[in-house]
file coords_7.cif (mmCIF, C-alpha atoms)
data_target
loop_
_atom_site.label_atom_id
_atom_site.label_comp_id
_atom_site.auth_asym_id
_atom_site.auth_seq_id
_atom_site.Cartn_x
_atom_site.Cartn_y
_atom_site.Cartn_z
CA MET A 1267 20.00 -29.45 -7.56
CA THR A 1268 21.38 -28.18 -4.28
CA THR A 1269 19.14 -27.47 -1.35
CA ARG A 1270 20.01 -24.38 0.62
CA ILE A 1271 18.53 -22.78 3.72
CA VAL A 1272 18.50 -19.00 3.56
CA GLU A 1273 18.11 -17.27 6.92
CA LEU A 1274 15.87 -14.21 6.77
CA ARG A 1275 15.09 -13.45 10.42
CA ARG A 1276 12.98 -10.44 9.53
CA GLY A 1277 9.60 -9.18 10.56
CA ILE A 1278 6.81 -10.16 8.21
CA LEU A 1279 5.58 -6.58 8.41
CA LYS A 1280 9.06 -5.05 8.06
CA LYS A 1281 7.90 -2.72 5.28
CA ASN A 1282 5.05 -1.45 7.44
CA ASP A 1283 7.36 -1.12 10.44
CA GLU A 1284 9.89 0.90 8.41
CA LEU A 1285 7.17 3.23 7.15
CA ALA A 1286 5.83 3.52 10.71
CA ALA A 1287 9.31 4.40 11.99
CA GLY A 1288 9.48 7.13 9.34
CA LEU A 1289 6.09 8.46 10.43
CA ARG A 1290 7.15 8.37 14.09
CA ASN A 1291 10.25 10.46 13.29
CA ARG A 1292 8.09 12.90 11.37
CA PHE A 1293 5.58 13.18 14.23
CA THR A 1294 8.31 13.64 16.81
CA ALA A 1295 10.03 16.31 14.72
CA SER A 1296 6.71 18.16 14.35
CA GLY A 1297 5.96 17.90 18.06
CA VAL A 1298 2.54 16.33 17.41
CA ILE A 1299 1.26 13.61 19.72
CA VAL A 1300 -0.33 10.83 17.74
CA LEU A 1301 -2.88 8.42 19.19
CA ASN A 1302 -4.24 5.30 17.48
CA LEU A 1303 -7.75 4.45 18.71
CA VAL A 1304 -8.69 0.80 18.36
CA SER A 1305 -11.86 -1.06 19.34
CA SER A 1306 -14.70 -3.26 18.08
CA PRO A 1307 -17.29 -1.67 15.81
CA GLY A 1308 -19.88 0.09 17.97
CA THR A 1309 -17.74 0.75 21.04
CA GLY A 1310 -18.20 4.47 20.57
CA LYS A 1311 -14.81 5.52 19.23
CA THR A 1312 -16.35 8.27 17.14
CA ALA A 1313 -18.51 9.67 19.96
CA PHE A 1314 -15.52 9.57 22.32
CA LEU A 1315 -13.33 11.30 19.75
CA GLU A 1316 -16.03 13.90 18.95
CA ARG A 1317 -16.15 14.86 22.60
CA THR A 1318 -12.35 14.82 22.90
CA LEU A 1319 -11.93 17.12 19.86
CA ARG A 1320 -14.58 19.52 21.18
CA GLU A 1321 -13.04 19.69 24.63
CA LEU A 1322 -9.52 20.14 23.27
CA ARG A 1323 -10.75 23.02 21.13
CA VAL A 1324 -12.26 24.71 24.17
CA ARG A 1325 -8.87 24.37 25.89
CA GLY A 1326 -7.12 25.98 22.94
CA ALA A 1327 -5.32 22.85 21.72
CA ASN A 1328 -5.04 22.11 18.01
CA ALA A 1329 -6.16 18.60 17.16
CA ALA A 1330 -6.95 16.80 13.92
CA ALA A 1331 -8.24 13.33 13.09
CA LEU A 1332 -7.76 10.67 10.46
CA VAL A 1333 -10.65 8.25 10.48
CA GLY A 1334 -10.62 4.79 8.93
CA ASP A 1335 -13.71 2.95 7.75
CA LEU A 1336 -14.36 0.35 5.08
CA GLU A 1337 -16.86 2.66 3.39
CA THR A 1338 -18.71 6.01 3.88
CA ASP A 1339 -17.48 9.33 5.21
CA ASN A 1340 -20.18 9.48 7.90
CA ASP A 1341 -17.66 9.45 10.75
CA ALA A 1342 -15.52 12.18 9.19
CA ARG A 1343 -18.59 14.39 8.80
CA ARG A 1344 -19.60 13.78 12.42
CA LEU A 1345 -16.10 14.57 13.68
CA ALA A 1346 -15.72 17.65 11.46
CA ALA A 1347 -18.66 19.22 13.30
CA SER A 1348 -16.24 19.73 16.21
CA GLY A 1349 -14.38 22.26 14.04
CA ALA A 1350 -11.23 20.13 13.89
CA PRO A 1351 -9.66 19.19 10.54
CA VAL A 1352 -10.71 15.63 9.70
CA ARG A 1353 -9.85 13.32 6.84
CA GLN A 1354 -11.63 10.06 6.02
CA ILE A 1355 -9.69 7.00 4.88
CA ASN A 1356 -11.83 4.39 3.11
CA THR A 1357 -10.09 1.03 3.09
CA HIS A 1358 -12.67 -0.60 0.76
CA GLY A 1359 -12.73 -3.92 2.52
CA ILE A 1360 -9.37 -3.97 4.29
CA CYS A 1361 -9.94 -4.59 7.98
CA HIS A 1362 -7.21 -2.32 9.41
CA LEU A 1363 -5.20 0.81 8.69
CA ASP A 1364 -1.53 0.43 7.82
CA ALA A 1365 1.42 2.82 7.80
CA GLU A 1366 1.28 3.21 4.02
CA MET A 1367 -2.33 4.44 4.16
CA ILE A 1368 -1.39 6.95 6.85
CA THR A 1369 1.64 8.17 4.88
CA LYS A 1370 -0.35 8.58 1.66
CA ASN A 1371 -3.22 10.36 3.38
CA LEU A 1372 -0.95 12.75 5.26
CA ASP A 1373 0.86 13.59 2.02
CA ALA A 1374 -2.43 14.20 0.22
CA TRP A 1375 -3.92 16.26 3.05
CA GLN A 1376 -3.22 19.75 1.74
CA ASP A 1377 -4.82 21.80 4.49
CA ILE A 1378 -2.99 20.16 7.37
CA ALA A 1379 0.40 21.11 8.78
CA LEU A 1380 1.66 18.62 11.34
CA ALA A 1381 3.85 21.25 12.94
CA GLY A 1382 0.80 23.31 13.86
CA LEU A 1383 -0.90 20.44 15.65
CA ASN A 1384 -0.78 19.37 19.28
CA TYR A 1385 -2.64 16.10 18.68
CA LEU A 1386 -3.45 13.85 15.77
CA PHE A 1387 -5.98 11.10 16.45
CA ILE A 1388 -6.17 8.10 14.15
CA GLU A 1389 -9.49 6.31 14.50
CA ASN A 1390 -8.78 2.80 13.25
CA VAL A 1391 -11.25 0.52 11.49
CA GLY A 1392 -13.56 -1.13 14.05
CA ASN A 1393 -11.81 -4.44 14.63
CA LEU A 1394 -10.14 -5.96 17.68
CA VAL A 1395 -7.78 -8.33 15.90
CA CYS A 1396 -6.03 -7.05 12.79
CA PRO A 1397 -5.10 -3.47 13.79
CA SER A 1398 -2.90 -4.86 16.58
CA SER A 1399 -0.26 -6.05 14.05
CA TYR A 1400 0.10 -2.71 12.26
CA ASP A 1401 2.22 0.04 13.76
CA LEU A 1402 1.03 3.42 12.47
CA GLY A 1403 3.86 5.42 14.02
CA GLU A 1404 1.62 6.44 16.92
CA ARG A 1405 3.00 7.37 20.31
CA ILE A 1406 0.00 6.03 22.20
CA ARG A 1407 -2.22 3.13 21.23
CA VAL A 1408 -5.59 3.34 22.93
CA ALA A 1409 -7.82 0.27 23.23
CA LEU A 1410 -11.48 1.11 23.85
CA LEU A 1411 -14.09 -1.15 25.38
CA SER A 1412 -17.75 -0.28 26.02
CA VAL A 1413 -19.83 -1.44 28.97
CA THR A 1414 -22.19 -3.21 26.56
CA GLU A 1415 -19.49 -5.56 25.22
CA GLY A 1416 -18.81 -7.80 28.18
CA GLU A 1417 -16.05 -7.66 30.74
CA ASP A 1418 -14.10 -10.50 29.14
CA LYS A 1419 -13.27 -8.64 25.91
CA PRO A 1420 -9.61 -8.19 26.96
CA LEU A 1421 -9.33 -11.95 27.56
CA LYS A 1422 -10.91 -12.73 24.20
CA TYR A 1423 -8.63 -10.31 22.31
CA PRO A 1424 -5.40 -10.40 24.30
CA GLY A 1425 -3.18 -9.50 21.32
CA LEU A 1426 -4.76 -6.12 20.94
CA PHE A 1427 -5.14 -5.25 24.62
CA ASN A 1428 -1.57 -6.34 25.27
CA SER A 1429 -0.31 -3.97 22.58
CA ALA A 1430 -2.18 -0.96 24.01
CA ASP A 1431 -0.63 1.89 26.01
CA ALA A 1432 -3.91 3.09 27.50
CA ALA A 1433 -7.43 1.71 27.79
CA VAL A 1434 -10.73 3.59 27.73
CA ILE A 1435 -14.02 2.17 28.97
CA THR A 1436 -16.86 3.95 27.16
CA LYS A 1437 -20.61 4.44 27.80
CA ILE A 1438 -20.29 4.22 31.60
CA ASP A 1439 -23.57 6.19 31.85
CA ILE A 1440 -25.37 2.96 30.95
CA ALA A 1441 -23.17 0.63 33.02
CA GLY A 1442 -25.99 0.02 35.54
CA PRO A 1443 -28.69 -1.15 33.10
CA CYS A 1444 -26.07 -3.28 31.31
CA GLY A 1445 -25.12 -5.03 34.53
CA PHE A 1446 -21.50 -4.08 33.85
CA ASP A 1447 -19.11 -5.57 36.41
CA ARG A 1448 -16.54 -2.78 36.69
CA ASP A 1449 -14.12 -4.61 38.98
CA LEU A 1450 -14.06 -7.65 36.74
CA ALA A 1451 -13.42 -5.54 33.62
CA LEU A 1452 -10.57 -3.68 35.31
CA ARG A 1453 -9.11 -6.94 36.57
CA ASN A 1454 -9.26 -8.50 33.09
CA ILE A 1455 -7.55 -5.51 31.48
CA ASN A 1456 -4.84 -5.70 34.11
CA GLU A 1457 -4.30 -9.44 33.58
CA ILE A 1458 -3.54 -8.87 29.89
CA ARG A 1459 -1.73 -5.55 30.13
CA PRO A 1460 -0.56 -5.11 33.71
CA GLY A 1461 -0.25 -1.54 34.93
CA ILE A 1462 -1.97 0.11 31.95
CA ARG A 1463 -3.79 3.45 32.53
CA VAL A 1464 -7.57 2.99 32.32
CA PHE A 1465 -10.07 5.81 31.79
CA GLU A 1466 -13.75 5.27 32.55
CA THR A 1467 -15.74 7.64 30.38
CA SER A 1468 -19.07 8.68 28.95
CA ALA A 1469 -19.03 10.84 25.83
CA LYS A 1470 -22.68 11.57 26.53
CA THR A 1471 -22.44 12.92 30.09
CA GLY A 1472 -18.77 13.89 29.98
CA ALA A 1473 -17.92 11.64 32.93
CA GLY A 1474 -14.23 10.76 33.09
CA MET A 1475 -13.33 13.17 30.29
CA GLU A 1476 -11.48 15.51 32.64
CA GLU A 1477 -9.07 12.74 33.64
CA TRP A 1478 -8.56 11.76 30.00
CA LEU A 1479 -7.87 15.37 28.96
CA THR A 1480 -5.43 15.77 31.84
CA PHE A 1481 -3.64 12.65 30.58
CA LEU A 1482 -3.47 14.18 27.07
CA ALA A 1483 -2.10 17.43 28.50
CA GLU A 1484 0.56 15.46 30.42
CA GLN A 1485 1.71 13.83 27.17
CA ALA A 1486 2.23 17.24 25.60
CA ARG A 1487 4.70 18.34 28.26
CA PRO A 1488 8.33 17.82 27.38
CA ALA A 1489 9.64 14.77 29.18
CA MET S 859 -9.16 -11.85 9.16
CA HIS S 860 -6.00 -10.07 8.00
CA GLU S 861 -4.14 -13.33 7.30
CA LEU S 862 -4.37 -12.80 3.54
CA SER S 863 -2.62 -9.42 3.95
CA ILE S 864 -0.01 -11.13 6.14
CA ALA S 865 0.45 -13.90 3.56
CA ALA S 866 0.87 -11.29 0.81
CA SER S 867 3.57 -9.54 2.90
CA ILE S 868 5.42 -12.85 3.30
CA VAL S 869 5.24 -13.56 -0.44
CA GLU S 870 6.62 -10.08 -1.18
CA ALA S 871 9.51 -10.44 1.29
CA VAL S 872 10.46 -13.96 0.21
CA THR S 873 10.25 -13.09 -3.50
CA GLU S 874 12.74 -10.26 -2.87
CA THR S 875 15.14 -12.59 -1.08
CA ALA S 876 14.78 -15.40 -3.60
CA ALA S 877 15.61 -13.02 -6.45
CA ALA S 878 19.25 -13.20 -5.30
CA TYR S 879 19.27 -16.91 -6.25
CA PRO S 880 18.45 -17.06 -9.97
CA GLY S 881 16.72 -20.22 -11.09
CA ALA S 882 16.05 -21.33 -7.52
CA ARG S 883 12.72 -22.78 -6.45
CA VAL S 884 11.32 -21.95 -3.01
CA LYS S 885 10.37 -25.20 -1.30
CA GLU S 886 9.60 -24.10 2.20
CA VAL S 887 8.96 -20.87 4.14
CA ARG S 888 9.45 -21.02 7.92
CA LEU S 889 7.77 -18.56 10.25
CA ARG S 890 7.90 -17.73 13.95
CA LEU S 891 4.47 -16.75 15.24
CA GLY S 892 3.95 -15.61 18.83
CA ALA S 893 0.79 -16.48 20.74
CA LEU S 894 0.01 -12.75 21.09
CA SER S 895 0.66 -11.91 17.43
CA SER S 896 -3.08 -11.84 16.61
CA VAL S 897 -2.40 -14.04 13.58
CA ILE S 898 -4.12 -17.41 13.38
CA ALA S 899 -1.83 -20.17 12.04
CA ASP S 900 -4.69 -22.19 10.50
CA SER S 901 -6.08 -19.15 8.66
CA LEU S 902 -2.63 -18.29 7.39
CA GLN S 903 -2.19 -21.85 6.07
CA PHE S 904 -5.60 -21.61 4.45
CA CYS S 905 -4.57 -18.39 2.64
CA TRP S 906 -1.15 -19.67 1.60
CA GLN S 907 -2.12 -21.33 -1.66
CA ILE S 908 -4.16 -18.33 -2.80
CA ALA S 909 -1.40 -15.89 -1.86
CA THR S 910 1.37 -17.85 -3.57
CA GLU S 911 -0.52 -18.69 -6.77
CA ASP S 912 1.21 -17.20 -9.82
CA SER S 913 4.18 -16.18 -7.67
CA PRO S 914 7.69 -17.65 -7.44
CA LEU S 915 6.47 -19.30 -4.22
CA ALA S 916 3.75 -21.38 -5.88
CA GLY S 917 3.79 -24.92 -4.55
CA SER S 918 5.88 -24.03 -1.48
CA VAL S 919 5.09 -25.30 1.99
CA LEU S 920 4.50 -22.93 4.89
CA VAL S 921 5.93 -24.16 8.19
CA ILE S 922 4.73 -22.22 11.25
CA HIS S 923 6.57 -22.43 14.57
CA GLN S 924 4.12 -21.25 17.18
CA LEU S 925 5.75 -19.62 20.17
CA PRO S 926 4.12 -19.51 23.59
CA VAL S 927 4.25 -16.41 25.75
CA ILE S 928 7.31 -16.11 28.00
CA VAL S 929 7.23 -13.57 30.82
CA HIS S 930 9.95 -12.41 33.14
CA CYS S 931 8.99 -12.25 36.81
CA GLU S 932 10.61 -9.40 38.73
CA LYS S 933 10.06 -11.13 42.05
CA CYS S 934 11.44 -14.58 41.12
CA GLY S 935 13.94 -13.21 38.61
CA VAL S 936 12.99 -16.08 36.30
CA ASP S 937 11.58 -16.34 32.76
CA SER S 938 8.60 -18.68 32.53
CA GLN S 939 6.55 -20.03 29.68
CA LEU S 940 2.79 -19.53 30.02
CA GLY S 941 0.22 -22.16 29.13
CA GLY S 942 -2.15 -19.58 27.66
CA VAL S 943 -2.61 -15.90 26.94
CA GLN S 944 -5.36 -15.11 29.42
CA SER S 945 -3.23 -13.82 32.22
CA LEU S 946 0.30 -12.46 32.33
CA ARG S 947 1.22 -13.89 35.71
CA CYS S 948 4.29 -15.75 36.88
CA PRO S 949 3.35 -19.46 37.10
CA ARG S 950 5.74 -19.87 40.08
CA CYS S 951 4.56 -17.11 42.43
CA GLY S 952 1.31 -15.93 40.84
CA GLU S 953 2.42 -12.28 40.67
CA ILE S 954 1.59 -10.10 37.67
CA ALA S 955 4.48 -10.25 35.21
CA ALA S 956 4.23 -7.48 32.61
CA ASP S 957 7.70 -8.01 31.18
CA LEU S 958 7.05 -9.95 27.97
CA ARG S 959 10.09 -11.84 26.68
CA GLN S 960 8.35 -13.78 23.90
CA GLY S 961 4.91 -13.93 22.32
CA ARG S 962 4.53 -11.03 19.89
CA GLU S 963 6.75 -12.52 17.11
CA LEU S 964 5.60 -12.19 13.53
CA GLU S 965 8.76 -13.18 11.69
CA ILE S 966 10.08 -15.01 8.67
CA GLU S 967 12.80 -17.23 10.07
CA SER S 968 14.23 -18.83 6.90
CA ILE S 969 13.41 -20.29 3.52
CA GLU S 970 14.51 -23.52 1.94
CA ILE S 971 15.36 -23.30 -1.76
CA ASP S 972 16.47 -25.71 -4.46
CA GLU S 973 19.23 -24.18 -6.52
CA PRO S 974 20.25 -25.48 -9.91
CA GLY S 975 23.73 -27.08 -9.52
CA PRO S 976 26.55 -27.32 -12.12
CA GLU S 977 25.07 -30.58 -13.44
CA ASP S 978 21.77 -28.79 -14.14
CA ALA S 979 23.65 -26.09 -16.08
CA ALA S 980 25.29 -28.81 -18.20
CA ILE S 981 21.92 -30.36 -19.00
CA GLY S 982 20.59 -26.91 -19.80
CA ALA S 983 23.46 -26.25 -22.23
CA SER S 984 23.04 -29.51 -24.10
CA SER S 985 19.27 -29.41 -24.42
CA PRO S 986 19.03 -27.00 -27.40
CA ALA S 987 21.34 -29.35 -29.30
CA GLU S 988 19.10 -32.28 -28.42
CA GLU S 989 16.13 -30.33 -29.68
CA ARG S 990 17.78 -29.83 -33.04
CA ILE S 991 18.20 -33.57 -33.57
#

call {"tool": "encode", "arguments": {"input": "coords_7.cif", "output": "structure tokens"}}
result
Amino acid sequence: MTTRIVELRRGILKKNDELAAGLRNRFTASGVIVLNLVSSPGTGKTAFLERTLRELRVRGANAAALVGDLETDNDARRLAASGAPVRQINTHGICHLDAEMITKNLDAWQDIALAGLNYLFIENVGNLVCPSSYDLGERIRVALLSVTEGEDKPLKYPGLFNSADAAVITKIDIAGPCGFDRDLALRNINEIRPGIRVFETSAKTGAGMEEWLTFLAEQARPA
Amino acid sequence: MHELSIAASIVEAVTETAAAYPGARVKEVRLRLGALSSVIADSLQFCWQIATEDSPLAGSVLVIHQLPVIVHCEKCGVDSQLGGVQSLRCPRCGEIAADLRQGRELEIESIEIDEPGPEDAAIGASSPAEERI
């Protein structure tokens, strides 16, 4: 017997990263801006996305959504009411979406042409840990946090907040009754991901949506 | 929570590599895990036996090198290791330091394998004869 050390020096999720790189090339070639929305269950990702899809439609932008859940197509049905094309991904127990699921679902999605889209939103499974490891080929990863969750969420889940490109605070219409400390929340986000853009929104009243939609429009402009 | 998926990805990658060494047994798998990788070392260890069962990695040991966060401070021009992951600030001057130099690693560093040597081949060749006796 001879003992040998074999150097690998490779990412554990290399396969996922390669698929994600392929997706990113595809998205860039099609000119579609892809956003990966990540948060805890109950933050209001679906309500925020519903409002975003509606508002984008009013502005004449073409947007579609892929929505991940363990089970049910409830979210897809809610989102489809906006008029946007929506496809549900059921992970059947898996706690995150990965690049393979996105690839398969895009390939199987007959009535969608990436080239005709301005935006594709991927609503990840509600989870603040696991989705942070999986690149889906998105251009912008958005971490959402609601005023009901506590201002220290970014400190409790630094891996995810650190990997985000933008942060959205949801349900600000009930910030008062929740005793939400806005300054503390903003400070905590900034400690984990310094300089990140933060949007303070309410899908119910529409507060902050204008700023968010302006941000989306800015992304669409050629750099 | 996704450590079993991570463990399965490691088994897949190492099995591929080990296939280049016929007859070898994987003894050890060494990982580099950053403090911001969102993977819990203890949970990964817990999943290891289940993930490697009935695979060429069965019985192997998982060695995890945990890497602290290192940030680069613009102001000081220095890289510093952080004691935790609660605040990306330079420990020297206290300024925000967004430039992450280490901490997101999720890598297989190396594997240690036992390869059958020439003496093992000789034993292998003589054994059928021994069986006949």

call {"tool": "atom_distance", "arguments": {"input": "coords_7.cif", "atom1": "CA of Arg1276 (chain A)", "atom2": "CA of Val943 (chain S)"}}
result
24.0 Å

call {"tool": "interface_residues", "arguments": {"input": "coords_7.cif", "of": "chain S", "to": "chain A", "cutoff": "6 Å", "atoms": "all atoms listed in the file", "output": "PDB file with C-alpha atoms, keeping the file's coordinate frame"}}
result
ATOM      1  CA  HIS S 860      -6.000 -10.070   8.000  1.00  0.00           C
ATOM      2  CA  ILE S 868       5.420 -12.850   3.300  1.00  0.00           C
ATOM      3  CA  LEU S 894       0.010 -12.750  21.090  1.00  0.00           C
ATOM      4  CA  SER S 895       0.660 -11.910  17.430  1.00  0.00           C
ATOM      5  CA  SER S 896      -3.080 -11.840  16.610  1.00  0.00           C
ATOM      6  CA  GLN S 944      -5.360 -15.110  29.420  1.00  0.00           C
ATOM      7  CA  SER S 945      -3.230 -13.820  32.220  1.00  0.00           C
ATOM      8  CA  LEU S 946       0.300 -12.460  32.330  1.00  0.00           C
ATOM      9  CA  ALA S 956       4.230  -7.480  32.610  1.00  0.00           C
ATOM     10  CA  LEU S 964       5.600 -12.190  13.530  1.00  0.00           C
ATOM     11  CA  GLU S 965       8.760 -13.180  11.690  1.00  0.00           C
ATOM     12  CA  ILE S 966      10.080 -15.010   8.670  1.00  0.00           C
ATOM     13  CA  GLU S 967      12.800 -17.230  10.070  1.00  0.00           C
ATOM     14  CA  SER S 968      14.230 -18.830   6.900  1.00  0.00           C
ATOM     15  CA  ILE S 969      13.410 -20.290   3.520  1.00  0.00           C
ATOM     16  CA  GLU S 970      14.510 -23.520   1.940  1.00  0.00           C
ATOM     17  CA  ILE S 971      15.360 -23.300  -1.760  1.00  0.00           C
ATOM     18  CA  ASP S 972      16.470 -25.710  -4.460  1.00  0.00           C
ATOM     19  CA  GLU S 973      19.230 -24.180  -6.520  1.00  0.00           C
ATOM     20  CA  PRO S 974      20.250 -25.480  -9.910  1.00  0.00           C
ATOM     21  CA  GLY S 975      23.730 -27.080  -9.520  1.00  0.00           C
TER      22      GLY S 975
END

call {"tool": "residues_around", "arguments": {"input": "coords_7.cif", "residues": "Gln960 (chain S)", "least_positions_apart": "3", "cutoff": "12 Å", "atoms": "all atoms listed in the file", "output": "ChimeraX atom specification"}}
result
/S:890-895,924-930,937-940,943,946,956-957,963-964

call {"tool": "closest_residue", "arguments": {"input": "coords_7.cif", "among": "S:Cys951, S:Cys931, S:Ala916, S:Ala865", "to": "Gln903 (chain S)", "atoms": "all atoms listed in the file"}}
result
S:Ala865

call {"tool": "atom_distance", "arguments": {"input": "coords_7.cif", "atom1": "CA of Ile1406 (chain A)", "atom2": "CA of Thr1369 (chain A)"}}
result
17.5 Å

call {"tool": "resolve_selection", "arguments": {"input": "coords_7.cif", "expression": "the PyMOL selection byres ((chain S and resi 920-923) around 6)", "output": "list in words"}}
result
Glu886, Val887, Arg888, Leu889, Arg890, Val919 and Gln924 of chain S

call {"tool": "resolve_selection", "arguments": {"input": "coords_7.cif", "expression": "the PyMOL selection byres ((chain A and resi 1296-1306) around 8)", "output": "ChimeraX atom specification"}}
result
/A:1292-1295,1307-1309,1311,1380-1394,1397,1402-1411,1485-1486
